[in-house]
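One structure is given here, and the rest of the page talks about it.
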Amino acid sequence: QVQLVQSGAEVKKPGASVKVSCKTSGYTFTTYGISWVRQAPGQGLEWMGWISTYNGNTNYAQKLQGRVTMTTDTSTRTVYMELRSLRLDDTAMYYCARDRAGNWLDPWGQGTLVNVSS
Amino acid sequence: NFMLTQPHSVSESPGKTVTISCTRSSGSIARYFVQWYQQRPGSAPTTVIYEDSQRPSGVPDRFSGSIDSSSNSASLTISGLKTEDEADYYCQTYDSSYVVFGGGTKLTV
């Protein structure tokens with residue numbers, strides 16, 4: 001079955017960087033892109049961006065341009081999301097999700113909690 | 001850019017029917033497909049409706065989705081409510097290379 005398994009929780013200081021991984025299985029990796037979505041505590045879902053696993057093309061949310069980088073490793077079927085210059089309000093659960101036709105995000109990874117604290 | 005507006009919360013009794021709306025602020029709701037996700041506390045979102053009105057396998061037919069161009073909105077209807085339907089529900093669509101989520105609706109059963 002299709003699975004997306006994310007790396008474990010992280011605790012970071014303001015100004016630091018975090019890199020979250022999303023390892024996929026159960027389907028042809030390069031057929032679908034991957035979107036990243038985050039959710040601050042008690043808040044709604046916020047789309048962060050998308051990466052093509054076919055050619056590495058990316059599309060980032062305007063709000064995060066310049067601080068986020070998404071990359072893909074076809075050999076390990078893994079997608080990475082790096083967020084730099086972390087701020088306290090970057091504290092959130094970060095999810096990866098397979099981006100299907102019609103921009104249907106399914107399935108989702110289990111989530112990675114990133115806690116930014118001084 | 002546009003916004004998707006959902007009611008903050010809805011409440012209904014078991015066995016009843018509830019409809020959650022999702023209104024697009026600008027641009028046509030029919031231009032791109034709308035998805036609906038269910039999120040239970042402590043869990044990742046899962047799809048209950050994709051491509052406006054399609055149900056993934058495993059989602060009961062109590063869940064249905066529709067689009068109304070006259071009100072520029074999408075709707076998720078859940079009939080025969082069960083206590084297990086209590087969750088947050090998010091609509092989602094796309095335009096100009098951006099994915100957009102509604103603010104979410106907390107359903108209390």
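Quick note on naming: the chains in the structure tokens go A, B, ... in the order shown, residues restart at 1 in each chain, and ligands are numbered from 1 in order of appearance.
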
Per-residue nearest contacts chain A to chain B, cut-off 7 Å, using only C-alpha atoms, as CSV:
```
residue,atom,partner,partner_atom,distance
A:Gly44,CA,B:Gly103,CA,5.5
A:Leu45,CA,B:Phe101,CA,6.4
A:Glu46,CA,B:Phe101,CA,6.9
A:Trp47,CA,B:Val99,CA,6.2
A:Gly102,CA,B:Phe33,CA,6.0
A:Asn103,CA,B:Tyr94,CA,6.8
A:Trp104,CA,B:Gln35,CA,6.5
A:Asp106,CA,B:Thr47,CA,6.9
A:Pro107,CA,B:Thr46,CA,6.9
A:Trp108,CA,B:Ala44,CA,6.5
A:Gln110,CA,B:Ala44,CA,5.8
A:Gly111,CA,B:Ala44,CA,6.7
```

*Name all residues at most 7 Å from A:Ser21 (count only C-alpha atoms; drop same-chain ones fewer than 2 positions away) and give them as a PyMOL selection string.*
chain A and resi 6-7+19+23+78-81

Selected residues written out with C-alpha atoms, as a compact mmCIF listing (two decimals), in the first residue's frame:
```txt
# COMPACT_ATOMS: atom_id res chain seq x y z
CA GLN A 6 8.31 11.14 7.93
CA SER A 7 11.31 11.76 10.16
CA LYS A 19 15.25 19.47 7.47
CA LYS A 23 10.15 8.49 2.59
CA THR A 78 12.65 10.39 -0.33
CA VAL A 79 11.61 14.02 -0.41
CA TYR A 80 13.09 16.65 1.91
CA MET A 81 11.82 20.00 3.17
```

*Which neighbours of stretch 69-79 of chain B fall inside 6 Å, counting only C-alpha atoms, when residues of the same chain fewer than 2 positions from it are skipped, and could you give them as a PyMOL selection string?*
chain B and resi 17-24+29+62-67+81

*Spatial neighbours of stretch 59-67 of chain A, 9 Å, only C-alpha atoms, chain gap at least 5 places, as a list in words*: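 The neighbour list is Trp47, Met48, Gly49, Trp50, Ile51, Ser52, Glu82, Leu83, Arg84, Ser85 and Leu86 of chain A; Ser97, Tyr98 and Val99 of chain B.
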
*Hey, what does DSSP flag as helix (DSSP H, G or I) within chain A? Can you give it to me as a list of chain:residue names?*
A:Phe29, A:Thr30, A:Thr31, A:Gln62, A:Lys63, A:Leu64, A:Leu88, A:Asp89, A:Asp90, A:Ala101, A:Gly102, A:Asn103

Would you save the residues of that selection, restricted to N, CA, C and O atoms, as a compact mmCIF listing (two decimals), in the first residue's frame?
```
# COMPACT_ATOMS: atom_id res chain seq x y z
N PHE A 29 7.46 6.28 -7.85
CA PHE A 29 7.84 7.52 -7.18
C PHE A 29 7.70 8.76 -8.06
O PHE A 29 7.18 9.79 -7.62
N THR A 30 8.16 8.65 -9.29
CA THR A 30 8.24 9.85 -10.14
C THR A 30 6.92 10.22 -10.81
O THR A 30 6.86 11.19 -11.56
N THR A 31 5.88 9.45 -10.53
CA THR A 31 4.59 9.73 -11.17
C THR A 31 3.84 10.88 -10.49
O THR A 31 3.04 11.58 -11.12
N GLN A 62 4.17 31.89 -1.42
CA GLN A 62 4.81 33.22 -1.43
C GLN A 62 5.36 33.58 -0.05
O GLN A 62 6.46 34.12 0.08
N LYS A 63 4.59 33.23 0.99
CA LYS A 63 4.95 33.59 2.36
C LYS A 63 6.30 33.00 2.78
O LYS A 63 7.01 33.56 3.62
N LEU A 64 6.68 31.85 2.20
CA LEU A 64 7.88 31.15 2.62
C LEU A 64 9.03 31.26 1.63
O LEU A 64 10.12 30.73 1.89
N LEU A 88 9.69 31.59 16.10
CA LEU A 88 8.82 30.93 17.07
C LEU A 88 7.51 30.49 16.40
O LEU A 88 6.97 29.42 16.73
N ASP A 89 7.00 31.29 15.46
CA ASP A 89 5.73 30.94 14.83
C ASP A 89 5.86 29.89 13.74
O ASP A 89 4.88 29.58 13.05
N ASP A 90 7.05 29.33 13.56
CA ASP A 90 7.21 28.16 12.68
C ASP A 90 6.93 26.86 13.44
O ASP A 90 6.94 25.78 12.84
N ALA A 101 -3.54 13.82 -9.31
CA ALA A 101 -4.22 14.61 -10.35
C ALA A 101 -5.34 15.43 -9.73
O ALA A 101 -6.05 14.96 -8.85
N GLY A 102 -5.48 16.66 -10.23
CA GLY A 102 -6.49 17.55 -9.67
C GLY A 102 -6.08 18.13 -8.33
O GLY A 102 -6.90 18.68 -7.61
N ASN A 103 -4.75 17.98 -8.02
CA ASN A 103 -4.20 18.51 -6.77
C ASN A 103 -4.89 17.93 -5.54
O ASN A 103 -5.10 18.61 -4.53
```

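Note that the spacing between atom CA of B:Lys106 and atom CA of B:Ser13 amounts to 14.0 Å.
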
*For A:Ser117: contacts at 8 Å, only C-alpha atoms, fewer than 6 positions along chain excluded, given as a VMD selection string*: chain A and resid 11 to 14 88

Generate the output file for the selected residues, N, CA, C and O atoms, as an mmCIF file, in the first residue's frame.
```cif
data_model
loop_
_atom_site.group_PDB
_atom_site.id
_atom_site.type_symbol
_atom_site.label_atom_id
_atom_site.label_comp_id
_atom_site.auth_asym_id
_atom_site.auth_seq_id
_atom_site.Cartn_x
_atom_site.Cartn_y
_atom_site.Cartn_z
ATOM 1 N N VAL A 11 13.473 19.755 17.823
ATOM 2 C CA VAL A 11 13.428 20.961 18.654
ATOM 3 C C VAL A 11 14.562 21.859 18.179
ATOM 4 O O VAL A 11 15.721 21.418 18.107
ATOM 5 N N LYS A 12 14.243 23.087 17.845
ATOM 6 C CA LYS A 12 15.233 24.002 17.279
ATOM 7 C C LYS A 12 15.158 25.366 17.974
ATOM 8 O O LYS A 12 14.118 25.755 18.503
ATOM 9 N N LYS A 13 16.291 26.071 17.917
ATOM 10 C CA LYS A 13 16.350 27.438 18.428
ATOM 11 C C LYS A 13 15.956 28.407 17.314
ATOM 12 O O LYS A 13 16.153 28.106 16.122
ATOM 13 N N PRO A 14 15.442 29.564 17.674
ATOM 14 C CA PRO A 14 15.167 30.591 16.642
ATOM 15 C C PRO A 14 16.437 30.901 15.860
ATOM 16 O O PRO A 14 17.533 30.990 16.434
ATOM 17 N N LEU A 88 9.691 31.588 16.102
ATOM 18 C CA LEU A 88 8.815 30.930 17.067
ATOM 19 C C LEU A 88 7.505 30.488 16.404
ATOM 20 O O LEU A 88 6.966 29.416 16.728
#
```

*Choose the residue, out of B:Val48, B:Ala87, B:Ser53, B:Ser11, that has the smallest atom-to-atom separation from B:Ala30; count only C-alpha atoms.*
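Smallest distance to B:Ala30 is found for B:Ser53.
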
*asked:* Nearest residue to B:Gly80 out of B:Pro60, B:Val10, B:Arg55, B:Leu4, using only C-alpha atoms?
replied: B:Pro60

*Of the listed residues A:Tyr27, A:Tyr54, A:Trp36, A:Tyr95, that which approaches A:Val68 most closely, counting only C-alpha atoms*: A:Trp36

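Comparing the minimum interatomic distances between B:Gln38 and each of B:Glu12, B:Val59, B:Lys82, B:Ser96, counting only C-alpha atoms, we find that B:Val59 sits nearest.
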
*asked:* If you run DSSP on the backbone here, which positions in stretch 14-83 of chain B get strand (DSSP E or B)? Please write them as a PyMOL selection string.
replied: chain B and resi 18-24+35-39+46-50+54+63-68+73-78

Restricting it to N, CA and C atoms, dump the selection as a PDB file, in the first residue's frame.
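Final output, saved to again.pdb:
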```pdb
ATOM      1  N   VAL B  18     -25.888  16.946   8.135  1.00  0.00           N
ATOM      2  CA  VAL B  18     -25.250  18.261   8.253  1.00  0.00           C
ATOM      3  C   VAL B  18     -24.562  18.596   6.936  1.00  0.00           C
ATOM      4  N   THR B  19     -24.548  19.871   6.597  1.00  0.00           N
ATOM      5  CA  THR B  19     -23.858  20.342   5.400  1.00  0.00           C
ATOM      6  C   THR B  19     -22.871  21.433   5.794  1.00  0.00           C
ATOM      7  N   ILE B  20     -21.630  21.266   5.324  1.00  0.00           N
ATOM      8  CA  ILE B  20     -20.569  22.241   5.577  1.00  0.00           C
ATOM      9  C   ILE B  20     -20.264  22.950   4.265  1.00  0.00           C
ATOM     10  N   SER B  21     -20.284  24.271   4.285  1.00  0.00           N
ATOM     11  CA  SER B  21     -20.054  25.042   3.069  1.00  0.00           C
ATOM     12  C   SER B  21     -18.615  25.515   2.978  1.00  0.00           C
ATOM     13  N   CYS B  22     -18.208  25.831   1.766  1.00  0.00           N
ATOM     14  CA  CYS B  22     -16.850  26.301   1.474  1.00  0.00           C
ATOM     15  C   CYS B  22     -16.983  27.288   0.322  1.00  0.00           C
ATOM     16  N   THR B  23     -16.882  28.582   0.627  1.00  0.00           N
ATOM     17  CA  THR B  23     -17.137  29.616  -0.366  1.00  0.00           C
ATOM     18  C   THR B  23     -15.843  30.239  -0.863  1.00  0.00           C
ATOM     19  N   ARG B  24     -15.706  30.283  -2.181  1.00  0.00           N
ATOM     20  CA  ARG B  24     -14.506  30.858  -2.796  1.00  0.00           C
ATOM     21  C   ARG B  24     -14.698  32.359  -2.958  1.00  0.00           C
ATOM     22  N   GLN B  35     -11.459  19.320  -2.962  1.00  0.00           N
ATOM     23  CA  GLN B  35     -11.319  18.149  -2.116  1.00  0.00           C
ATOM     24  C   GLN B  35     -11.795  18.496  -0.688  1.00  0.00           C
ATOM     25  N   TRP B  36     -12.175  17.470   0.043  1.00  0.00           N
ATOM     26  CA  TRP B  36     -12.546  17.618   1.461  1.00  0.00           C
ATOM     27  C   TRP B  36     -11.750  16.599   2.272  1.00  0.00           C
ATOM     28  N   TYR B  37     -11.165  17.066   3.368  1.00  0.00           N
ATOM     29  CA  TYR B  37     -10.379  16.214   4.248  1.00  0.00           C
ATOM     30  C   TYR B  37     -10.984  16.212   5.648  1.00  0.00           C
ATOM     31  N   GLN B  38     -10.896  15.050   6.260  1.00  0.00           N
ATOM     32  CA  GLN B  38     -11.310  14.882   7.653  1.00  0.00           C
ATOM     33  C   GLN B  38     -10.058  14.759   8.507  1.00  0.00           C
ATOM     34  N   GLN B  39     -10.015  15.466   9.615  1.00  0.00           N
ATOM     35  CA  GLN B  39      -8.886  15.353  10.522  1.00  0.00           C
ATOM     36  C   GLN B  39      -9.390  15.148  11.942  1.00  0.00           C
ATOM     37  N   THR B  46      -7.275  12.908   6.259  1.00  0.00           N
ATOM     38  CA  THR B  46      -7.584  11.874   5.289  1.00  0.00           C
ATOM     39  C   THR B  46      -8.693  12.400   4.380  1.00  0.00           C
ATOM     40  N   THR B  47      -8.731  11.882   3.159  1.00  0.00           N
ATOM     41  CA  THR B  47      -9.690  12.361   2.163  1.00  0.00           C
ATOM     42  C   THR B  47     -11.059  11.733   2.376  1.00  0.00           C
ATOM     43  N   VAL B  48     -12.092  12.572   2.355  1.00  0.00           N
ATOM     44  CA  VAL B  48     -13.452  12.039   2.343  1.00  0.00           C
ATOM     45  C   VAL B  48     -14.143  12.287   0.996  1.00  0.00           C
ATOM     46  N   ILE B  49     -13.717  13.372   0.291  1.00  0.00           N
ATOM     47  CA  ILE B  49     -14.244  13.676  -1.044  1.00  0.00           C
ATOM     48  C   ILE B  49     -13.100  14.228  -1.891  1.00  0.00           C
ATOM     49  N   TYR B  50     -12.974  13.771  -3.140  1.00  0.00           N
ATOM     50  CA  TYR B  50     -12.025  14.347  -4.075  1.00  0.00           C
ATOM     51  C   TYR B  50     -12.733  14.663  -5.391  1.00  0.00           C
ATOM     52  N   GLN B  54     -16.330  12.892  -5.620  1.00  0.00           N
ATOM     53  CA  GLN B  54     -15.932  11.480  -5.628  1.00  0.00           C
ATOM     54  C   GLN B  54     -15.514  11.019  -4.236  1.00  0.00           C
ATOM     55  N   PHE B  63     -21.197  10.259   3.053  1.00  0.00           N
ATOM     56  CA  PHE B  63     -20.456  11.477   2.717  1.00  0.00           C
ATOM     57  C   PHE B  63     -20.680  11.802   1.239  1.00  0.00           C
ATOM     58  N   SER B  64     -21.054  13.044   0.950  1.00  0.00           N
ATOM     59  CA  SER B  64     -21.220  13.457  -0.438  1.00  0.00           C
ATOM     60  C   SER B  64     -20.744  14.896  -0.601  1.00  0.00           C
ATOM     61  N   GLY B  65     -20.294  15.208  -1.824  1.00  0.00           N
ATOM     62  CA  GLY B  65     -19.806  16.542  -2.112  1.00  0.00           C
ATOM     63  C   GLY B  65     -20.486  17.116  -3.344  1.00  0.00           C
ATOM     64  N   SER B  66     -20.563  18.437  -3.399  1.00  0.00           N
ATOM     65  CA  SER B  66     -21.183  19.097  -4.552  1.00  0.00           C
ATOM     66  C   SER B  66     -20.594  20.485  -4.733  1.00  0.00           C
ATOM     67  N   ILE B  67     -20.859  21.019  -5.915  1.00  0.00           N
ATOM     68  CA  ILE B  67     -20.414  22.373  -6.276  1.00  0.00           C
ATOM     69  C   ILE B  67     -21.637  23.190  -6.688  1.00  0.00           C
ATOM     70  N   ASP B  68     -21.709  24.437  -6.285  1.00  0.00           N
ATOM     71  CA  ASP B  68     -22.800  25.335  -6.674  1.00  0.00           C
ATOM     72  C   ASP B  68     -22.204  26.614  -7.244  1.00  0.00           C
ATOM     73  N   SER B  73     -19.629  28.155  -4.327  1.00  0.00           N
ATOM     74  CA  SER B  73     -19.241  27.399  -3.146  1.00  0.00           C
ATOM     75  C   SER B  73     -19.301  25.894  -3.387  1.00  0.00           C
ATOM     76  N   ALA B  74     -18.596  25.198  -2.548  1.00  0.00           N
ATOM     77  CA  ALA B  74     -18.638  23.741  -2.496  1.00  0.00           C
ATOM     78  C   ALA B  74     -19.281  23.346  -1.170  1.00  0.00           C
ATOM     79  N   SER B  75     -19.855  22.156  -1.148  1.00  0.00           N
ATOM     80  CA  SER B  75     -20.492  21.684   0.079  1.00  0.00           C
ATOM     81  C   SER B  75     -20.144  20.235   0.337  1.00  0.00           C
ATOM     82  N   LEU B  76     -19.980  19.935   1.620  1.00  0.00           N
ATOM     83  CA  LEU B  76     -19.823  18.563   2.077  1.00  0.00           C
ATOM     84  C   LEU B  76     -21.042  18.233   2.923  1.00  0.00           C
ATOM     85  N   THR B  77     -21.739  17.172   2.541  1.00  0.00           N
ATOM     86  CA  THR B  77     -22.925  16.743   3.283  1.00  0.00           C
ATOM     87  C   THR B  77     -22.672  15.382   3.897  1.00  0.00           C
ATOM     88  N   ILE B  78     -22.959  15.277   5.167  1.00  0.00           N
ATOM     89  CA  ILE B  78     -22.823  14.005   5.882  1.00  0.00           C
ATOM     90  C   ILE B  78     -24.194  13.647   6.431  1.00  0.00           C
TER      91      ILE B  78
END
```

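In this model, the gap between atom CA of A:Thr112 and atom CA of A:Thr71 comes to 16.9 Å.
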
*asked:* Rounded to one decimal, what separation in Å do you get between atom CA of A:Asn57 and atom CA of A:Gly8?
replied: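 If I compute the distance from atom CA of A:Asn57 to atom CA of A:Gly8, I get 25.8 Å.
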